[in-house]
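Okay, entry.cif now, which holds mmCIF, C-alpha atoms and all ligand atoms:
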```cif
data_run
loop_
_atom_site.group_PDB
_atom_site.id
_atom_site.type_symbol
_atom_site.label_atom_id
_atom_site.label_comp_id
_atom_site.auth_asym_id
_atom_site.auth_seq_id
_atom_site.Cartn_x
_atom_site.Cartn_y
_atom_site.Cartn_z
ATOM 1 C CA MET A 1 31.703 160.317 -77.571
ATOM 2 C CA SER A 2 30.705 159.176 -80.996
ATOM 3 C CA GLN A 3 33.241 158.657 -83.723
ATOM 4 C CA ALA A 4 31.726 161.591 -85.608
ATOM 5 C CA GLN A 5 33.168 163.872 -82.929
ATOM 6 C CA HIS A 6 36.714 162.747 -83.748
ATOM 7 C CA PRO A 7 37.363 164.137 -87.224
ATOM 8 C CA GLY A 8 41.129 164.052 -86.855
ATOM 9 C CA ARG A 9 41.829 160.621 -85.507
ATOM 10 C CA SER A 10 43.544 158.223 -87.801
ATOM 11 C CA HIS A 11 42.187 155.029 -86.237
ATOM 12 C CA GLU A 12 38.502 155.801 -86.297
ATOM 13 C CA GLY A 13 38.001 158.904 -88.459
ATOM 14 C CA PRO A 14 35.086 159.692 -90.781
ATOM 15 C CA ARG A 15 36.765 157.992 -93.696
ATOM 16 C CA ALA A 16 36.439 154.734 -91.796
ATOM 17 C CA ASP A 17 32.666 155.232 -91.643
ATOM 18 C CA ALA A 18 32.483 154.421 -95.339
ATOM 19 C CA PHE A 19 34.117 151.074 -94.807
ATOM 20 C CA SER A 20 32.257 147.875 -94.239
ATOM 21 C CA ALA A 21 32.674 146.201 -90.858
ATOM 22 C CA VAL A 22 35.063 143.722 -92.430
ATOM 23 C CA SER A 23 37.202 146.442 -94.048
ATOM 24 C CA ARG A 24 37.174 148.412 -90.833
ATOM 25 C CA ARG A 25 38.498 145.460 -88.879
ATOM 26 C CA SER A 26 41.239 144.957 -91.471
ATOM 27 C CA VAL A 27 42.314 148.591 -91.110
ATOM 28 C CA LEU A 28 42.402 148.377 -87.324
ATOM 29 C CA THR A 29 44.357 145.158 -87.468
ATOM 30 C CA GLY A 30 46.857 146.694 -89.866
ATOM 31 C CA VAL A 31 47.409 149.834 -87.786
ATOM 32 C CA ALA A 32 47.800 147.894 -84.549
ATOM 33 C CA GLY A 33 50.100 145.396 -86.211
ATOM 34 C CA LEU A 34 52.255 148.196 -87.614
ATOM 35 C CA CYS A 35 52.497 149.683 -84.146
ATOM 36 C CA ALA A 36 53.602 146.364 -82.699
ATOM 37 C CA LEU A 37 56.282 145.936 -85.362
ATOM 38 C CA LEU A 38 57.673 149.450 -84.943
ATOM 39 C CA ALA A 39 57.551 149.422 -81.163
ATOM 40 C CA TRP A 40 59.094 145.985 -80.902
ATOM 41 C CA PRO A 41 61.258 145.359 -83.948
ATOM 42 C CA ARG A 42 62.773 142.148 -82.603
ATOM 43 C CA VAL A 43 59.740 139.896 -82.836
ATOM 44 C CA ASP A 44 60.972 136.402 -82.166
ATOM 45 C CA GLU A 45 59.419 134.377 -84.943
ATOM 46 C CA ALA A 46 60.663 131.205 -83.307
ATOM 47 C CA LEU A 47 57.989 131.729 -80.696
ATOM 48 C CA HIS A 48 55.315 131.933 -83.360
ATOM 49 C CA PRO A 49 55.765 129.011 -85.725
ATOM 50 C CA GLY A 50 53.651 129.537 -88.791
ATOM 51 C CA GLY A 51 53.526 133.306 -88.363
ATOM 52 C CA PRO A 52 52.561 135.843 -85.699
ATOM 53 C CA GLY A 53 48.901 134.797 -85.518
ATOM 54 C CA HIS A 54 48.216 136.348 -82.145
ATOM 55 C CA GLU A 55 44.524 136.462 -81.470
ATOM 56 C CA THR A 56 44.322 140.071 -80.324
ATOM 57 C CA ASP A 57 46.332 142.309 -82.634
ATOM 58 C CA SER A 58 43.543 144.924 -82.889
ATOM 59 C CA PRO A 59 41.329 146.929 -80.513
ATOM 60 C CA ALA A 60 38.219 145.185 -81.832
ATOM 61 C CA LEU A 61 39.652 141.720 -81.204
ATOM 62 C CA ARG A 62 40.874 142.704 -77.741
ATOM 63 C CA ARG A 63 37.358 143.876 -76.871
ATOM 64 C CA ASP A 64 35.981 140.574 -78.107
ATOM 65 C CA VAL A 65 38.070 138.450 -75.741
ATOM 66 C CA ASP A 66 38.300 140.897 -72.827
ATOM 67 C CA PRO A 67 35.148 143.068 -72.684
ATOM 68 C CA HIS A 68 36.224 144.450 -69.286
ATOM 69 C CA GLY A 69 39.503 145.734 -70.689
ATOM 70 C CA ILE A 70 39.958 149.488 -70.984
ATOM 71 C CA THR A 71 40.734 151.028 -74.378
ATOM 72 C CA ARG A 72 39.500 154.571 -73.735
ATOM 73 C CA VAL A 73 37.262 156.428 -71.275
ATOM 74 C CA ARG A 74 34.068 158.379 -71.903
ATOM 75 C CA THR A 75 34.579 161.580 -69.887
ATOM 76 C CA SER A 76 33.759 165.274 -69.826
ATOM 77 C CA ARG A 77 37.221 166.107 -68.462
ATOM 78 C CA PRO A 78 39.844 167.418 -70.931
ATOM 79 C CA TRP A 79 42.164 164.588 -69.994
ATOM 80 C CA VAL A 80 44.256 162.079 -71.901
ATOM 81 C CA ALA A 81 45.895 159.107 -70.164
ATOM 82 C CA LEU A 82 49.652 158.900 -70.760
ATOM 83 C CA THR A 83 51.104 155.408 -70.342
ATOM 84 C CA PHE A 84 54.702 154.239 -70.656
ATOM 85 C CA ASP A 85 55.624 150.557 -70.923
ATOM 86 C CA ASP A 86 58.627 148.256 -70.413
ATOM 87 C CA GLY A 87 60.628 150.312 -67.882
ATOM 88 C CA PRO A 88 62.077 151.396 -65.675
ATOM 89 C CA ASP A 89 65.221 151.846 -67.770
ATOM 90 C CA PRO A 90 68.106 154.081 -66.638
ATOM 91 C CA ARG A 91 68.736 155.147 -70.234
ATOM 92 C CA TRP A 92 65.280 156.575 -70.930
ATOM 93 C CA THR A 93 63.060 156.778 -67.839
ATOM 94 C CA PRO A 94 64.840 159.801 -66.275
ATOM 95 C CA GLY A 95 64.470 161.788 -69.506
ATOM 96 C CA VAL A 96 60.780 160.896 -69.809
ATOM 97 C CA LEU A 97 60.228 162.010 -66.205
ATOM 98 C CA ASP A 98 62.023 165.318 -66.891
ATOM 99 C CA VAL A 99 59.799 166.061 -69.915
ATOM 100 C CA LEU A 100 56.609 165.156 -68.032
ATOM 101 C CA ARG A 101 57.614 167.485 -65.201
ATOM 102 C CA ALA A 102 58.372 170.327 -67.648
ATOM 103 C CA TYR A 103 54.827 170.074 -69.040
ATOM 104 C CA GLY A 104 53.081 169.496 -65.700
ATOM 105 C CA CYS A 105 51.752 166.123 -66.834
ATOM 106 C CA ARG A 106 51.504 162.863 -64.927
ATOM 107 C CA ALA A 107 51.427 159.327 -66.303
ATOM 108 C CA THR A 108 51.045 155.635 -65.557
ATOM 109 C CA PHE A 109 54.180 153.546 -65.977
ATOM 110 C CA PHE A 110 53.308 149.935 -66.829
ATOM 111 C CA ALA A 111 56.566 148.539 -65.520
ATOM 112 C CA VAL A 112 58.114 145.115 -66.022
ATOM 113 C CA GLY A 113 58.516 143.556 -62.566
ATOM 114 C CA SER A 114 62.075 142.377 -63.174
ATOM 115 C CA ASN A 115 63.023 145.921 -64.265
ATOM 116 C CA VAL A 116 61.432 147.386 -61.127
ATOM 117 C CA GLU A 117 63.513 144.998 -59.025
ATOM 118 C CA ALA A 118 66.674 145.905 -60.988
ATOM 119 C CA HIS A 119 66.071 149.685 -60.717
ATOM 120 C CA PRO A 120 64.212 150.421 -57.465
ATOM 121 C CA ASP A 121 65.628 153.958 -57.419
ATOM 122 C CA LEU A 122 63.785 154.764 -60.643
ATOM 123 C CA ALA A 123 60.580 153.167 -59.354
ATOM 124 C CA ARG A 124 60.830 155.377 -56.269
ATOM 125 C CA ARG A 125 61.390 158.479 -58.407
ATOM 126 C CA ILE A 126 58.363 157.671 -60.604
ATOM 127 C CA VAL A 127 56.081 157.501 -57.563
ATOM 128 C CA ALA A 128 57.735 160.446 -55.758
ATOM 129 C CA GLU A 129 56.997 162.688 -58.757
ATOM 130 C CA GLY A 130 53.274 161.919 -58.657
ATOM 131 C CA HIS A 131 53.062 159.223 -61.332
ATOM 132 C CA ARG A 132 51.563 155.764 -60.953
ATOM 133 C CA LEU A 133 53.261 152.405 -61.320
ATOM 134 C CA SER A 134 51.218 149.528 -62.696
ATOM 135 C CA ASN A 135 51.698 145.950 -63.752
ATOM 136 C CA HIS A 136 53.204 144.900 -67.110
ATOM 137 C CA THR A 137 53.871 141.327 -65.864
ATOM 138 C CA HIS A 138 57.057 140.208 -64.134
ATOM 139 C CA ASP A 139 59.011 139.019 -67.204
ATOM 140 C CA HIS A 140 57.189 140.455 -70.243
ATOM 141 C CA LEU A 141 55.969 137.048 -71.395
ATOM 142 C CA TRP A 142 53.394 136.662 -74.178
ATOM 143 C CA LEU A 143 50.436 135.846 -71.954
ATOM 144 C CA ASP A 144 48.330 134.365 -74.748
ATOM 145 C CA ARG A 145 51.001 131.697 -75.336
ATOM 146 C CA ILE A 146 51.426 130.327 -71.802
ATOM 147 C CA GLU A 147 49.346 128.166 -69.481
ATOM 148 C CA ALA A 148 46.833 129.714 -67.105
ATOM 149 C CA ALA A 149 49.011 128.940 -64.057
ATOM 150 C CA ALA A 150 51.953 130.757 -65.652
ATOM 151 C CA VAL A 151 49.705 133.705 -66.547
ATOM 152 C CA ALA A 152 48.604 133.949 -62.919
ATOM 153 C CA ASP A 153 52.242 133.737 -61.779
ATOM 154 C CA GLN A 154 53.270 136.587 -64.113
ATOM 155 C CA LEU A 155 50.336 138.757 -63.058
ATOM 156 C CA THR A 156 50.868 138.074 -59.347
ATOM 157 C CA ARG A 157 54.630 138.629 -59.275
ATOM 158 C CA GLY A 158 54.409 141.700 -61.508
ATOM 159 C CA ARG A 159 51.756 143.131 -59.200
ATOM 160 C CA ALA A 160 53.916 142.505 -56.117
ATOM 161 C CA ALA A 161 56.879 144.287 -57.718
ATOM 162 C CA VAL A 162 54.937 147.470 -58.480
ATOM 163 C CA MET A 163 52.961 147.440 -55.210
ATOM 164 C CA ALA A 164 56.249 147.530 -53.279
ATOM 165 C CA HIS A 165 56.483 151.120 -54.524
ATOM 166 C CA ASP A 166 52.866 152.081 -55.353
ATOM 167 C CA PRO A 167 50.595 150.137 -52.985
ATOM 168 C CA ALA A 168 47.465 151.167 -54.926
ATOM 169 C CA GLY A 169 49.002 150.553 -58.335
ATOM 170 C CA GLY A 170 48.305 146.857 -58.510
ATOM 171 C CA GLU A 171 44.763 146.967 -59.869
ATOM 172 C CA LEU A 172 45.642 147.583 -63.507
ATOM 173 C CA VAL A 173 47.674 145.436 -65.875
ATOM 174 C CA ARG A 174 48.767 145.832 -69.478
ATOM 175 C CA PRO A 175 49.393 142.495 -71.202
ATOM 176 C CA PRO A 176 52.677 142.710 -73.162
ATOM 177 C CA ARG A 177 51.962 143.876 -76.732
ATOM 178 C CA GLY A 178 48.256 143.871 -75.885
ATOM 179 C CA TRP A 179 48.213 140.138 -76.597
ATOM 180 C CA THR A 180 45.483 138.576 -74.541
ATOM 181 C CA SER A 181 43.012 135.711 -74.715
ATOM 182 C CA ARG A 182 39.894 134.506 -72.957
ATOM 183 C CA THR A 183 42.148 132.589 -70.552
ATOM 184 C CA VAL A 184 44.193 135.713 -69.793
ATOM 185 C CA ALA A 185 41.004 137.750 -69.345
ATOM 186 C CA ARG A 186 39.667 135.143 -66.897
ATOM 187 C CA CYS A 187 42.949 135.046 -64.917
ATOM 188 C CA THR A 188 42.971 138.837 -64.793
ATOM 189 C CA SER A 189 39.419 138.964 -63.517
ATOM 190 C CA ASP A 190 40.002 136.154 -60.978
ATOM 191 C CA LEU A 191 42.864 138.184 -59.471
ATOM 192 C CA GLY A 192 40.709 141.330 -59.271
ATOM 193 C CA LEU A 193 42.721 143.034 -62.009
ATOM 194 C CA ARG A 194 41.646 144.946 -65.104
ATOM 195 C CA SER A 195 43.543 145.141 -68.386
ATOM 196 C CA VAL A 196 44.408 148.477 -69.990
ATOM 197 C CA PHE A 197 44.982 148.693 -73.742
ATOM 198 C CA TRP A 198 45.335 151.925 -75.770
ATOM 199 C CA THR A 199 43.840 154.155 -78.444
ATOM 200 C CA ALA A 200 47.056 155.579 -79.946
ATOM 201 C CA CYS A 201 50.728 154.556 -80.017
ATOM 202 C CA LEU A 202 53.513 157.127 -80.246
ATOM 203 C CA GLU A 203 56.060 154.732 -81.712
ATOM 204 C CA SER A 204 53.770 153.920 -84.649
ATOM 205 C CA ALA A 205 54.442 157.412 -86.069
ATOM 206 C CA LEU A 206 58.205 157.651 -85.506
ATOM 207 C CA HIS A 207 58.991 156.846 -89.140
ATOM 208 C CA ASP A 208 58.182 160.513 -89.873
ATOM 209 C CA GLY A 209 60.798 161.733 -87.387
ATOM 210 C CA PRO A 210 60.302 162.604 -83.713
ATOM 211 C CA PHE A 211 58.899 166.132 -84.066
ATOM 212 C CA ALA A 212 56.361 165.180 -86.732
ATOM 213 C CA ALA A 213 55.453 162.027 -84.815
ATOM 214 C CA GLY A 214 54.826 163.885 -81.568
ATOM 215 C CA THR A 215 52.721 166.517 -83.310
ATOM 216 C CA GLU A 216 50.769 164.011 -85.415
ATOM 217 C CA VAL A 217 49.932 161.730 -82.507
ATOM 218 C CA GLY A 218 49.262 164.657 -80.164
ATOM 219 C CA GLU A 219 46.865 166.276 -82.663
ATOM 220 C CA GLY A 220 44.988 163.002 -83.038
ATOM 221 C CA LEU A 221 44.352 162.503 -79.324
ATOM 222 C CA ARG A 222 40.931 163.364 -77.907
ATOM 223 C CA ALA A 223 39.715 163.636 -74.324
ATOM 224 C CA GLY A 224 39.390 160.144 -72.890
ATOM 225 C CA ASP A 225 42.020 158.544 -75.110
ATOM 226 C CA VAL A 226 44.857 156.361 -73.800
ATOM 227 C CA LEU A 227 48.321 156.947 -75.276
ATOM 228 C CA LEU A 228 50.838 154.100 -75.413
ATOM 229 C CA ALA A 229 54.549 154.989 -75.401
ATOM 230 C CA HIS A 230 57.679 153.329 -74.024
ATOM 231 C CA ASP A 231 60.201 154.455 -71.413
ATOM 232 C CA GLY A 232 61.886 151.032 -71.334
ATOM 233 C CA GLY A 233 64.023 149.450 -74.027
ATOM 234 C CA ARG A 234 65.677 146.493 -72.365
ATOM 235 C CA VAL A 235 63.909 143.353 -71.181
ATOM 236 C CA VAL A 236 65.751 140.170 -70.254
ATOM 237 C CA GLY A 237 64.416 136.627 -70.069
ATOM 238 C CA ALA A 238 62.408 134.482 -72.474
ATOM 239 C CA ASN A 239 61.507 137.359 -74.834
ATOM 240 C CA PRO A 240 64.621 139.554 -74.673
ATOM 241 C CA GLN A 241 64.611 142.961 -76.316
ATOM 242 C CA ASP A 242 66.968 145.927 -76.376
ATOM 243 C CA ILE A 243 65.363 148.855 -78.173
ATOM 244 C CA ASP A 244 66.616 152.415 -78.606
ATOM 245 C CA ARG A 245 63.909 154.706 -77.196
ATOM 246 C CA SER A 246 65.665 157.966 -78.091
ATOM 247 C CA GLY A 247 62.973 158.611 -80.744
ATOM 248 C CA THR A 248 60.222 158.338 -78.139
ATOM 249 C CA LEU A 249 62.053 160.703 -75.826
ATOM 250 C CA ALA A 250 62.652 163.203 -78.638
ATOM 251 C CA ALA A 251 58.992 163.063 -79.748
ATOM 252 C CA LEU A 252 57.494 163.594 -76.308
ATOM 253 C CA PRO A 253 57.893 167.418 -76.078
ATOM 254 C CA SER A 254 56.045 168.067 -79.349
ATOM 255 C CA LEU A 255 53.291 165.640 -78.298
ATOM 256 C CA LEU A 256 52.801 167.334 -74.928
ATOM 257 C CA GLU A 257 53.024 170.781 -76.588
ATOM 258 C CA SER A 258 50.201 169.738 -78.907
ATOM 259 C CA LEU A 259 48.066 168.620 -75.959
ATOM 260 C CA ARG A 260 48.753 171.885 -74.098
ATOM 261 C CA ARG A 261 47.859 174.000 -77.135
ATOM 262 C CA ARG A 262 44.516 172.215 -77.373
ATOM 263 C CA GLY A 263 43.730 172.470 -73.654
ATOM 264 C CA LEU A 264 44.286 168.774 -72.907
ATOM 265 C CA LEU A 265 46.136 167.488 -69.838
ATOM 266 C CA GLY A 266 48.081 164.234 -69.524
ATOM 267 C CA VAL A 267 47.088 162.218 -66.444
ATOM 268 C CA PRO A 268 47.586 158.667 -65.096
ATOM 269 C CA VAL A 269 45.071 156.205 -66.512
ATOM 270 C CA GLN A 270 43.800 155.664 -62.949
ATOM 271 C CA ASP A 271 42.710 159.328 -62.805
ATOM 272 C CA LEU A 272 41.007 159.110 -66.201
ATOM 273 C CA VAL A 273 39.143 155.926 -65.232
ATOM 274 C CA ALA A 274 37.927 157.580 -62.006
ATOM 275 C CA ALA A 275 36.619 160.542 -64.025
ATOM 276 C CA GLY A 276 34.471 158.696 -66.511
ATOM 277 C CA THR A 277 33.220 155.443 -67.983
ATOM 278 C CA PRO A 278 35.876 153.121 -69.370
ATOM 279 C CA HIS A 279 35.149 151.130 -72.489
HETATM 280 ZN ZN ZN B 301 55.802 145.783 -73.215
#
```

Would you mind writing the file's structure down as structure tokens?
Amino acid sequence: MSQAQHPGRSHEGPRADAFSAVSRRSVLTGVAGLCALLAWPRVDEALHPGGPGHETDSPALRRDVDPHGITRVRTSRPWVALTFDDGPDPRWTPGVLDVLRAYGCRATFFAVGSNVEAHPDLARRIVAEGHRLSNHTHDHLWLDRIEAAAVADQLTRGRAAVMAHDPAGGELVRPPRGWTSRTVARCTSDLGLRSVFWTACLESALHDGPFAAGTEVGEGLRAGDVLLAHDGGRVVGANPQDIDRSGTLAALPSLLESLRRRGLLGVPVQDLVAAGTPH
């Protein structure tokens, strides 16, 4: 679909058409950066001396370094991929699963391997209810800041953790925060994996309150888009985080209501990829 067919989307709407390529990239970088800050408020600046400076803080930059990565899917099906990162987490994952079931939607959970190992009961429930588990690395490390051997280790151990519960779920990976590099892209490809990024982020709109956020993000989604949200708040290890996801959980019903009203169905990203052409 061309951008002209997406009059409502905030990332790539008609207003953006008037921008130069440089301005457009600045806007995309700003929106993606805002999403990263809101979704992960405890950015550890000590890891980024001299500022954040990650190479791939925007969809355009991610495409540059990883052209095989998936940001959205060209499809004739009225489907949107729902993806949830950083779980499983006993505080939020059960509630997310309850809401998905109430709306008849399925999703892909990009789970942190160490969280899968800590909460195998939740991993089993995710799969038993028809969702997919996929790889969000074993320890949620910033892949663009570690050596290739460590990248491969994170991808391999994260894949093993999710495949213990979803044997076919190991083909897709979401680099933490979407931060990738040519080295990460090469490691991913060498292991037969494919990275999945996103077109819209629920947490980026939570400053307006959960109901408004769910409605705003839901109204902006178009068939073939990939939604990023989070069912996990706690991650231990080198990049620890402990984030309250109650806003995400509260926003989810209005988002799924918006999709239902517009005839769109939430599906795992694997189903969307199989029904169209990823790009
Ligand atoms: Zn994450």

Centre and edges of the range 232-237 of chain A box, axis-aligned, 8 Å extra per side, as lines of an AutoDock Vina configuration file:
```
center_x = 63.8
center_y = 143.8
center_z = -72.0
size_x = 19.9
size_y = 30.4
size_z = 20.0
```

Let me know the residues the PyMOL selection byres (((not hetatm)) within 10 of (chain B and resi 301)) catches in the file above, as an MDAnalysis selection string. chainID A and resid 36 39:40 84:87 110:112 136:137 139:142 174:178 228:235 241

Minimum-distance residue to Asp121 in chain A, chosen among A:Gly220, A:Arg62, A:Asp225, A:Pro94 (using all atoms listed in the file):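 Checking each of A:Gly220, A:Arg62, A:Asp225, A:Pro94 against Asp121 in chain A, counting all atoms listed in the file, the winner is A:Pro94.
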
Please enumerate the residues selected by the PyMOL selection byres (((chain A and resi 147-164) around 7) and not hetatm) when evaluated against the supplied file, formatted as a list of chain:residue names.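 Residues picked by the PyMOL selection byres (((chain A and resi 147-164) around 7) and not hetatm): A:Val112, A:Gly113, A:Val116, A:Glu117, A:Leu133, A:Ser134, A:Asn135, A:His136, A:Thr137, A:His138, A:Asp139, A:Leu143, A:Ile146, A:His165, A:Asp166, A:Pro167, A:Ala168, A:Gly169, A:Gly170, A:Thr183, A:Val184, A:Cys187.
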
Picked residues, the PyMOL selection byres (((chain A and resi 172) around 6) and not hetatm), expected as a CSV table (one decimal) with C-alpha atoms, in the coordinates of the input:
```csv
chain,number,residue,atom,x,y,z
A,134,SER,CA,51.2,149.5,-62.7
A,170,GLY,CA,48.3,146.9,-58.5
A,171,GLU,CA,44.8,147.0,-59.9
A,173,VAL,CA,47.7,145.4,-65.9
A,193,LEU,CA,42.7,143.0,-62.0
A,194,ARG,CA,41.6,144.9,-65.1
A,195,SER,CA,43.5,145.1,-68.4
```

Close residues, range 97-108 of chain A itself excluded, 8 Å, only C-alpha atoms, min 2 positions apart in chain, as a PyMOL selection string: chain A and resi 81-84+93-95+110+126+130-134+252-253+256-257+265-270

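Each of A:Ala251, A:Arg63, A:Thr180, A:Gly224 was compared to Ala274 in chain A using all atoms listed in the file, and A:Gly224 turns out to be the nearest.
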
Rounded to one decimal, what separation in Å do you get between CA of Glu219 in chain A and CA of Asp244 in chain A?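 Result for CA of Glu219 in chain A versus CA of Asp244 in chain A: 24.5 Å, one decimal.
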
Go ahead and find all residues with at least one atom no further than 7 Å from (49.5, 159.6, -77.7) in the file's coordinates, using all atoms listed in the file; report them as a PDB file with C-alpha atoms, in the frame of the given file.
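Below is the file that was written, point-v2.pdb:
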```pdb
ATOM      1  CA  LEU A  82      49.652 158.900 -70.760  1.00  0.00           C
ATOM      2  CA  ALA A 200      47.056 155.579 -79.946  1.00  0.00           C
ATOM      3  CA  CYS A 201      50.728 154.556 -80.017  1.00  0.00           C
ATOM      4  CA  LEU A 202      53.513 157.127 -80.246  1.00  0.00           C
ATOM      5  CA  VAL A 217      49.932 161.730 -82.507  1.00  0.00           C
ATOM      6  CA  GLY A 218      49.262 164.657 -80.164  1.00  0.00           C
ATOM      7  CA  LEU A 221      44.352 162.503 -79.324  1.00  0.00           C
ATOM      8  CA  VAL A 226      44.857 156.361 -73.800  1.00  0.00           C
ATOM      9  CA  LEU A 227      48.321 156.947 -75.276  1.00  0.00           C
ATOM     10  CA  LEU A 228      50.838 154.100 -75.413  1.00  0.00           C
TER      11      LEU A 228
END
```

Among the residues A:Phe211, A:Ala128, A:Val236, A:Leu61, the one that comes closest to Ser114 in chain A [using all atoms listed in the file]: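 Comparing A:Phe211, A:Ala128, A:Val236, A:Leu61 against Ser114 in chain A, the winner is A:Val236.
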
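For the atom pair formed by CA of Leu264 in chain A and CA of Arg77 in chain A, the distance is 8.8 Å, given to one decimal.
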
A straight line from CA of Pro78 in chain A to CA of Ser254 in chain A spans 18.3 Å
